[in-house]
Amino acid sequence: MEKRYPLPPFTLETAKEKVQLAEDAWNSQDPERVSLAYSVDTEWRNRSTFLNGREAAKAFLADKWKRELDYKLKKELWAFTDNRIAVRFEYEYHDKNGQWFRAYGNENWEFDENGLMQRRFASINDLPIEESERRL
């Protein structure tokens with residue numbers, strides 16, 4: 001059985017580690033690498049998109065990073081309990097026309113006993129910005 005450390009139940013230290021590992025993976029913009037953190041039957045809500053399964057998440061991410069260019073993300077631990085973590089985040093990217101955006105949001109994560117994310121619920125808002133306003 002595949003495991004993704006650290007495993008729940010989380011402590012402050014292991015919750016922060018899990019968040020940093022997620023940030024690092026997403027900043028790689030590698031759908032395969034990112035998808036391995038999720039259970040094969042993961043459930044997602046990303047804005048108004050609902051996904052089921054690791055393969056669907058991987059396809060979603062591949063498409064995302066074709067549209068969201070020069071993507072850079074920062075996540076912050078907001079709260080945690082036994083097998084759940086809440087984060088706030090912001091990321092910046094530009095589209096194919098050169099318009100920059102900063103996206104703000106919150107995610108709620110639930111992990112199985114093997115440390116794989118079985119549920120991810122993300123609420124995200126995009127704000128158009130000038131390139132000179134970038135922070136990340």
# chains A, B, ... in the order shown; residues from 1 in each chain; ligands from 1
>>> select_by_dssp(residues="region 40-124 of chain A", states="alpha helix (DSSP H)", output="number ranges by chain")
A: 54-67
>>> residues_around(residues="Ser123 (chain A)", least_positions_apart="3", cutoff="7 Å", atoms="only C-alpha atoms", output="list in words")
Asn46, Arg47, Gly105, Asn106 and Glu107 of chain A
>>> residues_around(residues="Gly53 (chain A)", least_positions_apart="6", cutoff="6 Å", atoms="only C-alpha atoms", output="list in words")
Val40, Asp41 and Thr42 of chain A
>>> residues_around(residues="Asn52 (chain A)", least_positions_apart="4", cutoff="12 Å", atoms="only C-alpha atoms", output="JSON, numbers by chain")
{"A": [38, 39, 40, 41, 42, 43, 44, 45, 46, 56, 57, 58, 59, 60, 118, 119, 120, 121]}
>>> closest_residue(among="A:Glu113, A:Glu13, A:Glu90, A:Asp126", to="Lys75 (chain A)", atoms="only C-alpha atoms")
A:Glu90
>>> residues_around(residues="Gln20 (chain A)", least_positions_apart="6", cutoff="12 Å", atoms="only C-alpha atoms", output="PDB file with C-alpha atoms, in the first residue's frame")
ATOM      1  CA  PRO A   6       3.787  12.576   7.082  1.00  0.00           C
ATOM      2  CA  GLU A  13       5.058  20.222  12.874  1.00  0.00           C
ATOM      3  CA  THR A  14       3.721  17.511  10.548  1.00  0.00           C
ATOM      4  CA  TRP A  26       2.358  22.343  -7.054  1.00  0.00           C
ATOM      5  CA  ASN A  27       5.162  24.784  -7.856  1.00  0.00           C
ATOM      6  CA  LEU A  73       2.138  29.471  -5.405  1.00  0.00           C
ATOM      7  CA  LYS A  74       2.457  30.153  -1.679  1.00  0.00           C
ATOM      8  CA  LYS A  75       0.441  28.111   0.865  1.00  0.00           C
ATOM      9  CA  GLU A  76       0.000  28.798   4.584  1.00  0.00           C
ATOM     10  CA  LEU A  77      -1.318  26.450   7.260  1.00  0.00           C
ATOM     11  CA  VAL A  87      -4.777  26.214   4.194  1.00  0.00           C
ATOM     12  CA  PHE A  89      -3.028  30.404  -0.386  1.00  0.00           C
TER      13      PHE A  89
END
>>> select_by_dssp(residues="region 37-102 of chain A", states="strand (DSSP E or B)", output="VMD selection string")
chain A and resid 38 to 46 49 to 52 69 to 81 84 to 94 100 to 102
>>> atom_distance(atom1="CA of Arg134 (chain A)", atom2="CA of Trp100 (chain A)")
8.2 Å
>>> residues_around(residues="Lys66 (chain A)", least_positions_apart="2", cutoff="12 Å", atoms="only C-alpha atoms", output="MDAnalysis selection string")
chainID A and resid 29:31 59:64 68:71 93:96
>>> write_last_selection(atoms="N, CA, C and O atoms", output="short mmCIF file (atom, residue, chain, number, x, y, z; two decimals), in the first residue's frame")
data_model
loop_
_atom_site.label_atom_id
_atom_site.label_comp_id
_atom_site.auth_asym_id
_atom_site.auth_seq_id
_atom_site.Cartn_x
_atom_site.Cartn_y
_atom_site.Cartn_z
N GLN A 29 4.74 22.26 -11.12
CA GLN A 29 3.84 22.22 -12.27
C GLN A 29 3.92 20.89 -13.00
O GLN A 29 3.75 20.81 -14.22
N ASP A 30 4.15 19.83 -12.25
CA ASP A 30 4.26 18.48 -12.79
C ASP A 30 3.02 17.70 -12.36
O ASP A 30 2.93 17.27 -11.21
N PRO A 31 2.03 17.54 -13.25
CA PRO A 31 0.78 16.87 -12.88
C PRO A 31 0.99 15.47 -12.30
O PRO A 31 0.28 15.08 -11.38
N ALA A 59 -5.29 15.04 -15.08
CA ALA A 59 -5.70 15.67 -16.33
C ALA A 59 -6.08 17.14 -16.11
O ALA A 59 -5.73 18.01 -16.91
N PHE A 60 -6.78 17.38 -15.02
CA PHE A 60 -7.17 18.75 -14.67
C PHE A 60 -5.92 19.62 -14.51
O PHE A 60 -5.86 20.75 -15.02
N LEU A 61 -4.93 19.11 -13.79
CA LEU A 61 -3.71 19.88 -13.54
C LEU A 61 -2.92 20.13 -14.83
O LEU A 61 -2.39 21.22 -15.03
N ALA A 62 -2.85 19.14 -15.70
CA ALA A 62 -2.15 19.31 -16.98
C ALA A 62 -2.79 20.43 -17.78
O ALA A 62 -2.10 21.30 -18.34
N ASP A 63 -4.12 20.46 -17.81
CA ASP A 63 -4.84 21.51 -18.53
C ASP A 63 -4.65 22.87 -17.85
O ASP A 63 -4.44 23.88 -18.52
N LYS A 64 -4.70 22.88 -16.52
CA LYS A 64 -4.53 24.12 -15.74
C LYS A 64 -3.22 24.80 -16.11
O LYS A 64 -3.18 26.00 -16.38
N GLU A 68 -2.45 28.52 -17.21
CA GLU A 68 -1.91 29.39 -16.17
C GLU A 68 -0.39 29.34 -16.26
O GLU A 68 0.25 28.45 -15.70
N LEU A 69 0.18 30.30 -16.96
CA LEU A 69 1.60 30.29 -17.30
C LEU A 69 2.43 31.01 -16.23
O LEU A 69 1.95 31.96 -15.59
N ASP A 70 3.68 30.57 -16.07
CA ASP A 70 4.60 31.13 -15.06
C ASP A 70 3.97 31.14 -13.67
O ASP A 70 4.10 32.09 -12.90
N TYR A 71 3.31 30.05 -13.36
CA TYR A 71 2.58 29.83 -12.11
C TYR A 71 3.54 29.81 -10.92
O TYR A 71 4.57 29.15 -10.95
N TYR A 93 -0.09 34.02 -11.90
CA TYR A 93 0.14 33.43 -13.22
C TYR A 93 -0.29 34.45 -14.27
O TYR A 93 -0.92 35.46 -13.94
N HIS A 94 0.05 34.18 -15.51
CA HIS A 94 -0.49 34.99 -16.60
C HIS A 94 -1.10 34.05 -17.64
O HIS A 94 -0.76 32.87 -17.73
N ASP A 95 -2.01 34.61 -18.40
CA ASP A 95 -2.64 33.84 -19.47
C ASP A 95 -1.83 34.01 -20.77
O ASP A 95 -0.82 34.71 -20.79
N LYS A 96 -2.29 33.39 -21.83
CA LYS A 96 -1.56 33.41 -23.11
C LYS A 96 -1.51 34.82 -23.72
O LYS A 96 -0.67 35.08 -24.58
#
>>> residues_around(residues="Lys18 (chain A)", least_positions_apart="6", cutoff="12 Å", atoms="only C-alpha atoms", output="list in words")
Arg4, Tyr5, Pro6, Leu7, Pro8, Pro9, Phe10, Thr11, Leu12, Asp24, Ala25, Ala37, Lys75, Glu76, Leu77, Phe80, Asn83, Arg84, Ile85, Ala86, Val87, Trp109, Glu110, Phe111, Gly115, Leu116 and Met117 of chain A
